[in-house]
Amino acid sequence: MSDREHGDPLRVSRRGAVAGGIATAAAMTMPAEAQVAPAPPPPAASVTLKVNGRASALAMDTRTTLLDALREHWKLTGTKKGCDHGQCGACTVLVNGTRINACLSLAVQHDGDEITTIEGLGRPGKLHPMQAAFVAHDGYQCGYCTPGQVCSAVAVLEEIKRGVPSHVQADIAAKPAPTPAEMRERMSGNICRCGAYSNIIRAMGEVAGA
Amino acid sequence: MKPFTYARARTAAEAADMVAGRPGAKFIAGGTNLLDLMKLEIEAPGHLVDVQDAGLDRIEATPDGGLRIGAFVTNTALAADDRVRRDHAVLTRAIVAGASGQLRNKASTAGNLLQRTRCPYFYDTAQACNKRRPGDGCAAIGGYSRQLGVIGTSRSCIATFPGDMAVAMRVLDAAVETVMPGGATRTIPIAEFHRLWGDTPHIETALRPGELITAVTLPRPIGGRHFYRKVRDRASYAYALVSVAAVIQPDGTGRVAFGGVAPRPWRVEEAERLLPQGAAAVTTRAFQGATPTPDNAFKLPLATRTLAAVIADAKGETASRPPELTP
(Lines give C-alpha, C1' and ligand atoms only; values in the text may rest on other atoms or scores of the structure.)
Protein backbone atom coordinates (compact mmCIF):
# COMPACT_ATOMS: atom_id res chain seq x y z
CA MET A 1 0.00 0.00 0.00
CA SER A 2 1.42 3.43 -0.93
CA ASP A 3 1.67 6.44 1.39
CA ARG A 4 -0.98 8.18 -0.63
CA GLU A 5 -3.42 5.39 0.07
CA HIS A 6 -2.62 5.61 3.78
CA GLY A 7 -3.32 9.35 3.79
CA ASP A 8 -6.59 9.27 1.86
CA PRO A 9 -9.53 7.94 3.90
CA LEU A 10 -11.69 7.60 0.80
CA ARG A 11 -9.29 5.18 -0.86
CA VAL A 12 -9.83 1.63 0.28
CA SER A 13 -7.39 -1.07 -0.68
CA ARG A 14 -8.64 -4.38 -2.01
CA ARG A 15 -7.05 -6.13 0.97
CA GLY A 16 -8.69 -3.72 3.47
CA ALA A 17 -12.09 -4.06 1.84
CA VAL A 18 -11.96 -7.84 1.98
CA ALA A 19 -10.78 -7.94 5.61
CA GLY A 20 -13.38 -5.34 6.67
CA GLY A 21 -16.15 -7.21 4.90
CA ILE A 22 -15.28 -10.44 6.68
CA ALA A 23 -15.11 -8.70 10.07
CA THR A 24 -18.52 -7.10 9.54
CA ALA A 25 -20.09 -10.40 8.55
CA ALA A 26 -18.57 -12.10 11.58
CA ALA A 27 -19.89 -9.45 13.97
CA MET A 28 -23.39 -9.73 12.56
CA THR A 29 -23.57 -13.49 12.88
CA MET A 30 -21.78 -13.86 16.22
CA PRO A 31 -24.10 -15.02 19.04
CA ALA A 32 -24.55 -12.51 21.88
CA GLU A 33 -22.92 -14.69 24.57
CA ALA A 34 -19.78 -15.07 22.46
CA GLN A 35 -19.41 -11.30 22.44
CA VAL A 36 -19.68 -10.91 26.23
CA ALA A 37 -17.46 -13.88 27.14
CA PRO A 38 -14.55 -13.97 24.72
CA ALA A 39 -12.40 -17.11 24.67
CA PRO A 40 -8.98 -16.81 26.31
CA PRO A 41 -6.30 -15.75 23.84
CA PRO A 42 -4.73 -18.70 22.01
CA PRO A 43 -1.12 -19.65 22.84
CA ALA A 44 1.38 -17.25 21.30
CA ALA A 45 5.14 -17.24 20.77
CA SER A 46 7.83 -14.78 19.79
CA VAL A 47 9.46 -15.72 16.47
CA THR A 48 12.71 -14.25 15.18
CA LEU A 49 13.24 -14.51 11.44
CA LYS A 50 15.95 -13.04 9.27
CA VAL A 51 13.82 -12.16 6.27
CA ASN A 52 15.67 -11.01 3.16
CA GLY A 53 18.70 -10.09 5.25
CA ARG A 54 16.93 -8.22 8.07
CA ALA A 55 16.32 -9.91 11.43
CA SER A 56 13.29 -9.04 13.51
CA ALA A 57 11.15 -10.66 16.19
CA LEU A 58 7.37 -10.67 16.23
CA ALA A 59 4.79 -12.27 18.54
CA MET A 60 2.18 -14.48 16.96
CA ASP A 61 -0.32 -17.28 17.52
CA THR A 62 1.58 -20.60 17.52
CA ARG A 63 -0.72 -21.75 14.70
CA THR A 64 0.71 -19.17 12.31
CA THR A 65 2.31 -20.81 9.30
CA LEU A 66 5.52 -19.43 7.86
CA LEU A 67 3.40 -18.30 4.90
CA ASP A 68 0.95 -16.33 7.05
CA ALA A 69 3.82 -14.92 9.13
CA LEU A 70 5.48 -13.54 6.00
CA ARG A 71 2.26 -12.16 4.55
CA GLU A 72 0.37 -10.96 7.61
CA HIS A 73 3.12 -10.17 10.13
CA TRP A 74 6.09 -9.16 7.97
CA LYS A 75 3.70 -7.68 5.36
CA LEU A 76 5.58 -9.34 2.49
CA THR A 77 2.69 -10.31 0.26
CA GLY A 78 4.83 -11.38 -2.69
CA THR A 79 4.69 -14.94 -1.39
CA LYS A 80 1.28 -16.25 -2.45
CA LYS A 81 -1.30 -18.50 -0.81
CA GLY A 82 -2.75 -20.92 -3.35
CA CYS A 83 -3.98 -24.23 -2.01
CA ASP A 84 -2.50 -23.85 1.52
CA HIS A 85 -1.87 -27.63 1.49
CA GLY A 86 1.48 -28.05 -0.26
CA GLN A 87 0.00 -29.04 -3.60
CA CYS A 88 0.46 -25.91 -5.74
CA GLY A 89 3.84 -24.41 -4.76
CA ALA A 90 2.68 -20.76 -4.89
CA CYS A 91 4.08 -20.27 -1.35
CA THR A 92 7.58 -21.55 -2.16
CA VAL A 93 10.31 -19.63 -0.29
CA LEU A 94 13.95 -20.33 0.53
CA VAL A 95 14.75 -21.26 4.13
CA ASN A 96 18.48 -21.22 4.83
CA GLY A 97 18.89 -21.50 1.07
CA THR A 98 16.54 -24.48 0.63
CA ARG A 99 13.11 -24.27 -1.01
CA ILE A 100 10.08 -25.39 0.98
CA ASN A 101 6.31 -24.85 0.99
CA ALA A 102 5.82 -22.01 3.48
CA CYS A 103 2.19 -23.10 3.96
CA LEU A 104 3.19 -26.47 5.45
CA SER A 105 5.57 -25.11 8.05
CA LEU A 106 4.88 -23.33 11.32
CA ALA A 107 6.62 -20.01 11.87
CA VAL A 108 7.75 -21.23 15.32
CA GLN A 109 9.65 -24.07 13.64
CA HIS A 110 11.79 -21.41 11.92
CA ASP A 111 12.91 -19.33 14.89
CA GLY A 112 16.37 -18.03 13.94
CA ASP A 113 16.15 -19.14 10.30
CA GLU A 114 17.07 -17.06 7.26
CA ILE A 115 14.18 -16.66 4.85
CA THR A 116 14.44 -15.40 1.28
CA THR A 117 11.19 -14.40 -0.41
CA ILE A 118 10.60 -13.09 -3.92
CA GLU A 119 11.08 -9.57 -2.50
CA GLY A 120 14.58 -10.57 -1.41
CA LEU A 121 15.61 -12.08 -4.74
CA GLY A 122 15.22 -8.88 -6.72
CA ARG A 123 13.43 -5.55 -6.99
CA PRO A 124 11.98 -3.57 -9.89
CA GLY A 125 15.00 -2.10 -11.67
CA LYS A 126 17.29 -4.69 -10.07
CA LEU A 127 15.81 -8.03 -11.04
CA HIS A 128 17.32 -11.38 -10.15
CA PRO A 129 18.52 -13.08 -13.36
CA MET A 130 15.69 -15.63 -13.00
CA GLN A 131 13.09 -12.85 -12.74
CA ALA A 132 14.57 -11.16 -15.82
CA ALA A 133 14.50 -14.48 -17.71
CA PHE A 134 10.83 -15.04 -16.76
CA VAL A 135 10.04 -11.60 -18.18
CA ALA A 136 12.09 -12.19 -21.33
CA HIS A 137 10.46 -15.58 -22.01
CA ASP A 138 6.88 -14.80 -20.91
CA GLY A 139 7.17 -17.33 -18.10
CA TYR A 140 3.76 -16.37 -16.68
CA GLN A 141 0.35 -15.14 -17.65
CA CYS A 142 -1.77 -14.11 -14.65
CA GLY A 143 1.33 -14.06 -12.44
CA TYR A 144 -0.17 -15.53 -9.27
CA CYS A 145 2.08 -18.60 -9.19
CA THR A 146 5.12 -16.65 -10.42
CA PRO A 147 6.80 -15.73 -7.09
CA GLY A 148 6.72 -19.40 -6.12
CA GLN A 149 7.86 -20.49 -9.57
CA VAL A 150 10.81 -18.07 -9.49
CA CYS A 151 11.91 -19.06 -5.96
CA SER A 152 11.58 -22.73 -6.89
CA ALA A 153 13.44 -22.26 -10.18
CA VAL A 154 16.38 -20.53 -8.45
CA ALA A 155 16.57 -23.35 -5.91
CA VAL A 156 16.23 -26.08 -8.56
CA LEU A 157 19.34 -24.86 -10.40
CA GLU A 158 21.21 -24.84 -7.07
CA GLU A 159 20.00 -28.38 -6.30
CA ILE A 160 21.22 -29.58 -9.69
CA LYS A 161 24.61 -27.91 -9.05
CA ARG A 162 24.80 -29.59 -5.64
CA GLY A 163 24.07 -32.96 -7.26
CA VAL A 164 20.71 -33.64 -5.60
CA PRO A 165 19.31 -36.65 -7.51
CA SER A 166 15.97 -36.76 -9.35
CA HIS A 167 13.47 -39.29 -10.63
CA VAL A 168 14.46 -38.79 -14.28
CA GLN A 169 18.14 -39.67 -13.87
CA ALA A 170 19.05 -42.88 -15.68
CA ASP A 171 22.11 -43.30 -13.45
CA ILE A 172 21.05 -42.31 -9.95
CA ALA A 173 24.65 -42.12 -8.73
CA ALA A 174 25.67 -39.66 -11.46
CA LYS A 175 25.76 -35.89 -11.24
CA PRO A 176 22.60 -34.40 -12.78
CA ALA A 177 22.65 -31.83 -15.59
CA PRO A 178 20.22 -28.92 -16.09
CA THR A 179 18.35 -30.52 -19.00
CA PRO A 180 14.71 -29.66 -19.78
CA ALA A 181 13.63 -33.11 -18.52
CA GLU A 182 15.45 -32.54 -15.21
CA MET A 183 13.98 -29.07 -14.75
CA ARG A 184 10.43 -30.25 -15.57
CA GLU A 185 10.62 -33.07 -13.06
CA ARG A 186 12.08 -30.86 -10.33
CA MET A 187 9.46 -28.14 -10.91
CA SER A 188 6.51 -30.54 -10.55
CA GLY A 189 5.61 -29.06 -7.15
CA ASN A 190 4.75 -25.71 -8.78
CA ILE A 191 1.44 -25.61 -10.59
CA CYS A 192 0.60 -22.94 -13.20
CA ARG A 193 -3.06 -22.81 -14.17
CA CYS A 194 -2.27 -20.52 -17.11
CA GLY A 195 0.04 -23.20 -18.45
CA ALA A 196 3.24 -21.19 -18.82
CA TYR A 197 5.35 -24.29 -18.23
CA SER A 198 7.18 -24.32 -21.56
CA ASN A 199 8.26 -20.71 -21.18
CA ILE A 200 9.28 -21.26 -17.57
CA ILE A 201 11.59 -24.07 -18.72
CA ARG A 202 13.03 -21.75 -21.40
CA ALA A 203 13.66 -19.08 -18.77
CA MET A 204 15.36 -21.60 -16.49
CA GLY A 205 17.41 -22.92 -19.38
CA GLU A 206 18.68 -19.44 -20.14
CA VAL A 207 19.77 -18.89 -16.53
CA ALA A 208 21.30 -22.37 -16.30
CA GLY A 209 23.34 -21.75 -19.43
CA ALA A 210 24.48 -18.28 -18.39
CA MET B 1 -6.74 -25.31 13.29
CA LYS B 2 -7.17 -25.91 17.02
CA PRO B 3 -4.92 -23.89 19.35
CA PHE B 4 -1.82 -25.64 20.66
CA THR B 5 1.24 -24.90 22.73
CA TYR B 6 4.70 -25.56 21.30
CA ALA B 7 8.04 -26.59 22.78
CA ARG B 8 11.38 -27.88 21.53
CA ALA B 9 13.12 -30.91 22.98
CA ARG B 10 16.93 -31.03 23.29
CA THR B 11 17.21 -34.82 23.19
CA ALA B 12 15.09 -37.69 21.89
CA ALA B 13 14.50 -39.07 25.38
CA GLU B 14 13.41 -35.65 26.59
CA ALA B 15 10.99 -35.41 23.66
CA ALA B 16 9.41 -38.76 24.56
CA ASP B 17 8.96 -37.66 28.17
CA MET B 18 7.51 -34.31 27.07
CA VAL B 19 4.87 -35.99 24.89
CA ALA B 20 4.07 -38.71 27.44
CA GLY B 21 3.49 -36.09 30.12
CA ARG B 22 0.87 -34.15 28.15
CA PRO B 23 -2.43 -35.66 26.98
CA GLY B 24 -3.05 -34.71 23.35
CA ALA B 25 0.62 -33.95 22.71
CA LYS B 26 2.34 -34.93 19.46
CA PHE B 27 5.84 -34.84 18.02
CA ILE B 28 6.52 -32.58 15.06
CA ALA B 29 9.49 -33.07 12.73
CA GLY B 30 9.08 -31.66 9.19
CA GLY B 31 5.36 -31.33 9.81
CA THR B 32 4.36 -31.45 6.13
CA ASN B 33 1.67 -34.09 6.66
CA LEU B 34 0.79 -33.18 10.25
CA LEU B 35 0.09 -29.51 9.44
CA ASP B 36 -1.90 -30.50 6.37
CA LEU B 37 -4.13 -32.60 8.64
CA MET B 38 -4.22 -30.03 11.45
CA LYS B 39 -5.64 -27.46 9.05
CA LEU B 40 -8.50 -29.86 8.37
CA GLU B 41 -8.74 -30.63 12.12
CA ILE B 42 -8.29 -34.32 11.33
CA GLU B 43 -5.31 -34.00 13.66
CA ALA B 44 -5.83 -31.65 16.60
CA PRO B 45 -2.90 -31.89 19.03
CA GLY B 46 -3.04 -29.59 22.06
CA HIS B 47 0.75 -29.52 22.37
CA LEU B 48 3.55 -29.96 19.83
CA VAL B 49 7.03 -31.15 20.75
CA ASP B 50 9.50 -30.18 18.02
CA VAL B 51 12.43 -32.59 17.64
CA GLN B 52 14.58 -30.46 15.29
CA ASP B 53 17.16 -29.71 18.03
CA ALA B 54 17.35 -33.32 19.29
CA GLY B 55 20.43 -34.30 17.27
CA LEU B 56 18.60 -36.73 14.99
CA ASP B 57 19.83 -35.27 11.70
CA ARG B 58 22.87 -37.41 10.85
CA ILE B 59 23.52 -40.46 8.66
CA GLU B 60 26.25 -42.62 10.18
CA ALA B 61 28.00 -45.83 9.16
CA THR B 62 27.26 -48.75 11.51
CA PRO B 63 29.92 -51.27 12.65
CA ASP B 64 28.31 -54.04 10.57
CA GLY B 65 28.68 -52.09 7.31
CA GLY B 66 25.19 -50.61 7.24
CA LEU B 67 23.84 -47.11 7.80
CA ARG B 68 22.02 -45.48 10.67
CA ILE B 69 19.72 -42.73 9.38
CA GLY B 70 18.63 -40.16 11.95
CA ALA B 71 14.88 -39.71 12.24
CA PHE B 72 15.12 -36.00 11.35
CA VAL B 73 17.24 -36.49 8.20
CA THR B 74 15.27 -34.92 5.35
CA ASN B 75 14.10 -37.00 2.42
CA THR B 76 16.35 -34.94 0.14
CA ALA B 77 19.44 -35.43 2.32
CA LEU B 78 18.81 -39.17 2.52
CA ALA B 79 18.24 -39.54 -1.23
CA ALA B 80 21.36 -37.47 -2.00
CA ASP B 81 23.71 -39.31 0.38
CA ASP B 82 26.52 -40.83 -1.70
CA ARG B 83 26.54 -44.08 0.32
CA VAL B 84 22.79 -44.52 -0.18
CA ARG B 85 23.02 -43.79 -3.91
CA ARG B 86 25.88 -46.25 -4.35
CA ASP B 87 24.90 -49.11 -2.03
CA HIS B 88 21.12 -48.81 -1.48
CA ALA B 89 20.02 -47.16 -4.73
CA VAL B 90 16.47 -48.51 -4.48
CA LEU B 91 16.01 -46.16 -1.52
CA THR B 92 17.18 -43.07 -3.41
CA ARG B 93 15.02 -44.04 -6.39
CA ALA B 94 11.95 -44.51 -4.19
CA ILE B 95 12.41 -41.21 -2.36
CA VAL B 96 12.82 -39.13 -5.53
CA ALA B 97 9.71 -40.82 -6.97
CA GLY B 98 7.65 -39.34 -4.14
CA ALA B 99 6.18 -35.92 -3.36
CA SER B 100 7.76 -32.71 -4.73
CA GLY B 101 11.19 -31.13 -4.33
CA GLN B 102 9.84 -28.65 -1.77
CA LEU B 103 8.24 -31.39 0.34
CA ARG B 104 11.29 -33.66 0.19
CA ASN B 105 13.39 -30.76 1.49
CA LYS B 106 11.20 -30.49 4.57
CA ALA B 107 9.84 -33.99 5.21
CA SER B 108 11.82 -36.19 7.59
CA THR B 109 12.70 -39.88 7.52
CA ALA B 110 10.52 -40.74 10.52
CA GLY B 111 7.71 -38.49 9.33
CA ASN B 112 7.68 -40.24 5.98
CA LEU B 113 7.09 -43.56 7.77
CA LEU B 114 4.33 -41.98 9.85
CA GLN B 115 2.44 -40.18 7.08
CA ARG B 116 -1.27 -40.94 7.05
CA THR B 117 -3.21 -42.40 4.14
CA ARG B 118 -4.44 -40.20 1.28
CA CYS B 119 -7.81 -41.99 1.05
CA PRO B 120 -10.20 -39.17 -0.01
CA TYR B 121 -12.77 -40.31 2.55
CA PHE B 122 -10.19 -39.94 5.33
CA TYR B 123 -9.53 -36.36 4.20
CA ASP B 124 -13.23 -35.46 3.81
CA THR B 125 -14.53 -34.87 7.33
CA ALA B 126 -18.13 -35.02 6.10
CA GLN B 127 -17.67 -38.71 5.25
CA ALA B 128 -17.68 -41.75 7.52
CA CYS B 129 -14.18 -42.98 8.34
CA ASN B 130 -13.08 -45.54 10.92
CA LYS B 131 -9.61 -44.00 11.01
CA ARG B 132 -10.90 -40.57 11.99
CA ARG B 133 -13.68 -41.79 14.27
CA PRO B 134 -13.39 -45.47 15.28
CA GLY B 135 -16.75 -47.18 14.76
CA ASP B 136 -17.95 -44.53 12.31
CA GLY B 137 -18.03 -46.85 9.31
CA CYS B 138 -16.13 -46.62 6.02
CA ALA B 139 -17.51 -44.58 3.15
CA ALA B 140 -14.73 -45.82 0.88
CA ILE B 141 -16.12 -49.35 0.91
CA GLY B 142 -18.76 -49.15 -1.79
CA GLY B 143 -17.50 -45.67 -2.68
CA TYR B 144 -14.90 -44.43 -5.12
CA SER B 145 -12.00 -46.78 -4.53
CA ARG B 146 -9.78 -46.64 -7.61
CA GLN B 147 -6.72 -45.54 -5.59
CA LEU B 148 -7.35 -47.78 -2.60
CA GLY B 149 -6.08 -51.10 -1.30
CA VAL B 150 -6.44 -54.53 -2.88
CA ILE B 151 -4.87 -56.70 -0.18
CA GLY B 152 -4.29 -56.63 3.58
CA THR B 153 -7.31 -54.36 3.98
CA SER B 154 -10.30 -55.11 6.22
CA ARG B 155 -14.06 -54.64 6.48
CA SER B 156 -13.25 -51.50 8.51
CA CYS B 157 -10.83 -49.78 6.13
CA ILE B 158 -9.45 -50.22 2.62
CA ALA B 159 -6.88 -47.42 2.67
CA THR B 160 -3.30 -47.81 1.49
CA PHE B 161 -0.04 -46.64 3.01
CA PRO B 162 0.85 -43.91 0.49
CA GLY B 163 4.63 -43.63 0.88
CA ASP B 164 7.40 -44.70 -1.50
CA MET B 165 10.42 -44.56 0.84
CA ALA B 166 9.11 -47.28 3.13
CA VAL B 167 8.59 -49.69 0.21
CA ALA B 168 12.32 -49.51 -0.53
CA MET B 169 13.16 -49.82 3.17
CA ARG B 170 11.07 -52.98 3.26
CA VAL B 171 13.16 -54.68 0.55
CA LEU B 172 16.32 -53.52 2.32
CA ASP B 173 15.18 -55.10 5.63
CA ALA B 174 15.48 -51.79 7.47
CA ALA B 175 14.78 -51.50 11.19
CA VAL B 176 13.18 -48.67 13.14
CA GLU B 177 14.91 -47.59 16.35
CA THR B 178 12.84 -45.85 19.00
CA VAL B 179 13.01 -44.38 22.46
CA MET B 180 10.14 -44.61 24.92
CA PRO B 181 9.13 -42.34 27.77
CA GLY B 182 11.55 -43.14 30.59
CA GLY B 183 14.41 -43.67 28.15
CA ALA B 184 14.09 -47.37 27.22
CA THR B 185 14.87 -48.11 23.57
CA ARG B 186 13.78 -50.83 21.18
CA THR B 187 14.16 -51.85 17.54
CA ILE B 188 11.16 -52.67 15.34
CA PRO B 189 11.75 -54.54 12.05
CA ILE B 190 10.24 -52.52 9.19
CA ALA B 191 8.14 -55.60 8.34
CA GLU B 192 6.31 -55.18 11.65
CA PHE B 193 6.22 -51.39 11.77
CA HIS B 194 3.04 -50.75 9.75
CA ARG B 195 0.14 -52.83 11.08
CA LEU B 196 -2.43 -54.81 9.20
CA TRP B 197 -5.08 -52.98 11.14
CA GLY B 198 -8.11 -55.29 11.00
CA ASP B 199 -10.91 -53.62 12.95
CA THR B 200 -8.65 -50.94 14.47
CA PRO B 201 -7.56 -48.95 11.41
CA HIS B 202 -6.89 -45.87 13.52
CA ILE B 203 -3.86 -47.69 14.96
CA GLU B 204 -1.50 -47.73 11.99
CA THR B 205 1.92 -48.55 13.43
CA ALA B 206 3.57 -50.58 16.16
CA LEU B 207 4.53 -47.41 18.06
CA ARG B 208 3.21 -47.00 21.61
CA PRO B 209 1.96 -43.69 23.01
CA GLY B 210 4.90 -41.32 23.50
CA GLU B 211 7.33 -43.59 21.65
CA LEU B 212 9.64 -41.61 19.35
CA ILE B 213 11.48 -42.87 16.28
CA THR B 214 15.16 -41.97 16.64
CA ALA B 215 16.62 -43.65 13.54
CA VAL B 216 16.14 -46.12 10.73
CA THR B 217 18.98 -48.57 10.20
CA LEU B 218 19.93 -50.33 6.98
CA PRO B 219 21.89 -53.59 7.11
CA ARG B 220 25.06 -53.98 5.05
CA PRO B 221 24.60 -53.56 1.30
CA ILE B 222 23.09 -56.54 -0.52
CA GLY B 223 24.47 -55.83 -4.00
CA GLY B 224 22.34 -56.52 -7.07
CA ARG B 225 20.60 -54.07 -9.36
CA HIS B 226 18.17 -51.68 -7.72
CA PHE B 227 14.83 -50.61 -9.17
CA TYR B 228 11.88 -48.50 -8.10
CA ARG B 229 9.20 -48.39 -10.75
CA LYS B 230 6.14 -46.29 -9.96
CA VAL B 231 2.97 -46.20 -12.03
CA ARG B 232 0.78 -43.16 -11.44
CA ASP B 233 -1.76 -40.90 -13.09
CA ARG B 234 0.81 -38.25 -14.06
CA ALA B 235 4.57 -38.29 -14.58
CA SER B 236 5.50 -36.56 -11.32
CA TYR B 237 4.08 -35.57 -7.94
CA ALA B 238 1.31 -38.17 -7.69
CA TYR B 239 0.69 -41.18 -5.45
CA ALA B 240 1.38 -44.64 -6.78
CA LEU B 241 -1.37 -46.70 -8.31
CA VAL B 242 1.17 -49.49 -8.09
CA SER B 243 4.88 -49.32 -7.40
CA VAL B 244 7.57 -51.99 -7.37
CA ALA B 245 10.76 -51.81 -5.32
CA ALA B 246 13.17 -54.54 -6.33
CA VAL B 247 16.76 -55.65 -5.90
CA ILE B 248 17.63 -58.24 -8.52
CA GLN B 249 20.81 -60.34 -8.35
CA PRO B 250 22.75 -61.49 -11.43
CA ASP B 251 21.32 -65.03 -11.07
CA GLY B 252 17.74 -63.73 -11.31
CA THR B 253 16.89 -64.10 -7.64
CA GLY B 254 16.08 -61.06 -5.57
CA ARG B 255 13.67 -59.15 -3.37
CA VAL B 256 10.43 -57.41 -4.31
CA ALA B 257 7.94 -55.19 -2.48
CA PHE B 258 4.85 -53.45 -3.84
CA GLY B 259 3.53 -50.00 -2.94
CA GLY B 260 0.09 -48.50 -3.44
CA VAL B 261 -1.74 -51.76 -2.84
CA ALA B 262 -2.00 -52.36 0.91
CA PRO B 263 -1.94 -50.76 4.37
CA ARG B 264 1.81 -51.32 4.37
CA PRO B 265 4.61 -51.97 1.89
CA TRP B 266 3.62 -55.36 0.51
CA ARG B 267 6.43 -57.90 0.47
CA VAL B 268 5.81 -61.64 0.55
CA GLU B 269 9.12 -63.49 0.90
CA GLU B 270 7.64 -66.77 -0.39
CA ALA B 271 6.50 -64.96 -3.51
CA GLU B 272 9.82 -63.28 -4.29
CA ARG B 273 11.55 -66.70 -4.27
CA LEU B 274 9.60 -67.31 -7.49
CA LEU B 275 11.35 -64.39 -9.24
CA PRO B 276 13.33 -66.69 -11.60
CA GLN B 277 9.96 -68.03 -12.85
CA GLY B 278 8.80 -64.58 -13.92
CA ALA B 279 6.52 -61.79 -12.82
CA ALA B 280 3.21 -63.66 -12.96
CA ALA B 281 4.51 -66.39 -10.65
CA VAL B 282 5.54 -63.76 -8.09
CA THR B 283 2.36 -61.71 -8.18
CA THR B 284 0.06 -64.75 -8.18
CA ARG B 285 1.59 -65.75 -4.87
CA ALA B 286 2.07 -62.21 -3.48
CA PHE B 287 -1.54 -61.25 -4.12
CA GLN B 288 -3.12 -64.55 -3.09
CA GLY B 289 -6.31 -63.74 -1.18
CA ALA B 290 -6.56 -60.21 -2.63
CA THR B 291 -9.92 -58.49 -2.18
CA PRO B 292 -10.01 -55.77 -4.84
CA THR B 293 -13.07 -53.66 -5.59
CA PRO B 294 -14.44 -53.35 -9.14
CA ASP B 295 -12.76 -49.89 -9.23
CA ASN B 296 -9.28 -51.07 -8.34
CA ALA B 297 -9.11 -54.65 -9.64
CA PHE B 298 -6.90 -53.23 -12.41
CA LYS B 299 -4.09 -52.97 -9.86
CA LEU B 300 -3.55 -56.75 -9.88
CA PRO B 301 -2.62 -57.12 -13.58
CA LEU B 302 -0.87 -53.74 -13.34
CA ALA B 303 1.35 -55.11 -10.55
CA THR B 304 2.28 -58.08 -12.75
CA ARG B 305 3.10 -55.85 -15.72
CA THR B 306 5.09 -53.41 -13.58
CA LEU B 307 7.16 -56.23 -12.12
CA ALA B 308 7.60 -57.74 -15.60
CA ALA B 309 9.05 -54.41 -16.76
CA VAL B 310 11.47 -54.40 -13.83
CA ILE B 311 12.59 -57.97 -14.55
CA ALA B 312 13.09 -57.09 -18.22
CA ASP B 313 15.18 -54.08 -17.20
CA ALA B 314 17.26 -56.26 -14.90
CA LYS B 315 17.95 -58.66 -17.74
CA GLY B 316 18.90 -55.79 -19.99
CA GLU B 317 16.04 -56.61 -22.37
CA THR B 318 15.02 -52.97 -22.30
CA ALA B 319 17.26 -50.07 -21.48
CA SER B 320 16.82 -48.67 -17.98
CA ARG B 321 15.74 -45.17 -18.84
CA PRO B 322 13.81 -42.35 -17.27
CA PRO B 323 10.12 -42.05 -18.05
CA GLU B 324 9.25 -40.16 -21.20
CA LEU B 325 8.15 -36.62 -20.44
CA THR B 326 6.24 -34.75 -23.08
CA PRO B 327 8.21 -31.79 -24.39
# chains A, B, ... in the order shown; residues from 1 in each chain; ligands from 1
>>> select_by_dssp(residues="stretch 240-310 of chain B", states="strand (DSSP E)", output="list in words")
Val242, Ser243, Val244, Ala245, Ala246, Val247, Ile248, Gly254, Arg255, Val256, Ala257, Phe258 and Gly259 of chain B
>>> residues_around(residues="B:Thr304", least_positions_apart="6", cutoff="6 Å", atoms="only C-alpha atoms", output="PyMOL selection string")
chain B and resi 279-280+283
>>> write_last_selection(atoms="N, CA, C and O atoms", output="short mmCIF file (atom, residue, chain, number, x, y, z; two decimals), in the first residue's frame")
data_model
loop_
_atom_site.label_atom_id
_atom_site.label_comp_id
_atom_site.auth_asym_id
_atom_site.auth_seq_id
_atom_site.Cartn_x
_atom_site.Cartn_y
_atom_site.Cartn_z
N ALA B 279 7.34 -62.72 -13.60
CA ALA B 279 6.52 -61.79 -12.82
C ALA B 279 5.19 -62.41 -12.38
O ALA B 279 4.76 -62.24 -11.23
N ALA B 280 4.54 -63.14 -13.29
CA ALA B 280 3.21 -63.66 -12.96
C ALA B 280 3.28 -64.64 -11.79
O ALA B 280 2.38 -64.68 -10.94
N THR B 283 3.55 -62.45 -8.58
CA THR B 283 2.36 -61.71 -8.18
C THR B 283 1.19 -62.64 -7.84
O THR B 283 0.37 -62.33 -6.99
#
>>> interface_residues(of="chain B", to="chain A", cutoff="6 Å", atoms="only C-alpha atoms", output="list in words")
Pro3, Thr5, Thr32, Leu35, Asp36, Ala80, Arg85, Val96, Ala97, Ser100, Gln102, Arg321 and Pro322 of chain B
>>> residues_around(residues="B:Ala99", least_positions_apart="3", cutoff="7 Å", atoms="only C-alpha atoms", output="count of residues only")
4
>>> atom_distance(atom1="atom CA of A:Arg202", atom2="atom CA of A:Tyr144")
19.0 Å
>>> select_by_dssp(residues="stretch 65-203 of chain B", states="alpha helix (DSSP H)", output="MDAnalysis selection string")
chainID B and resid 75:80 82:87 89:96 101:106 109:114 120:123 165:171 190:193
>>> closest_residue(among="B:Ala9, B:Met1, B:Leu241, B:Val19", to="B:Leu37", atoms="only C-alpha atoms")
B:Met1
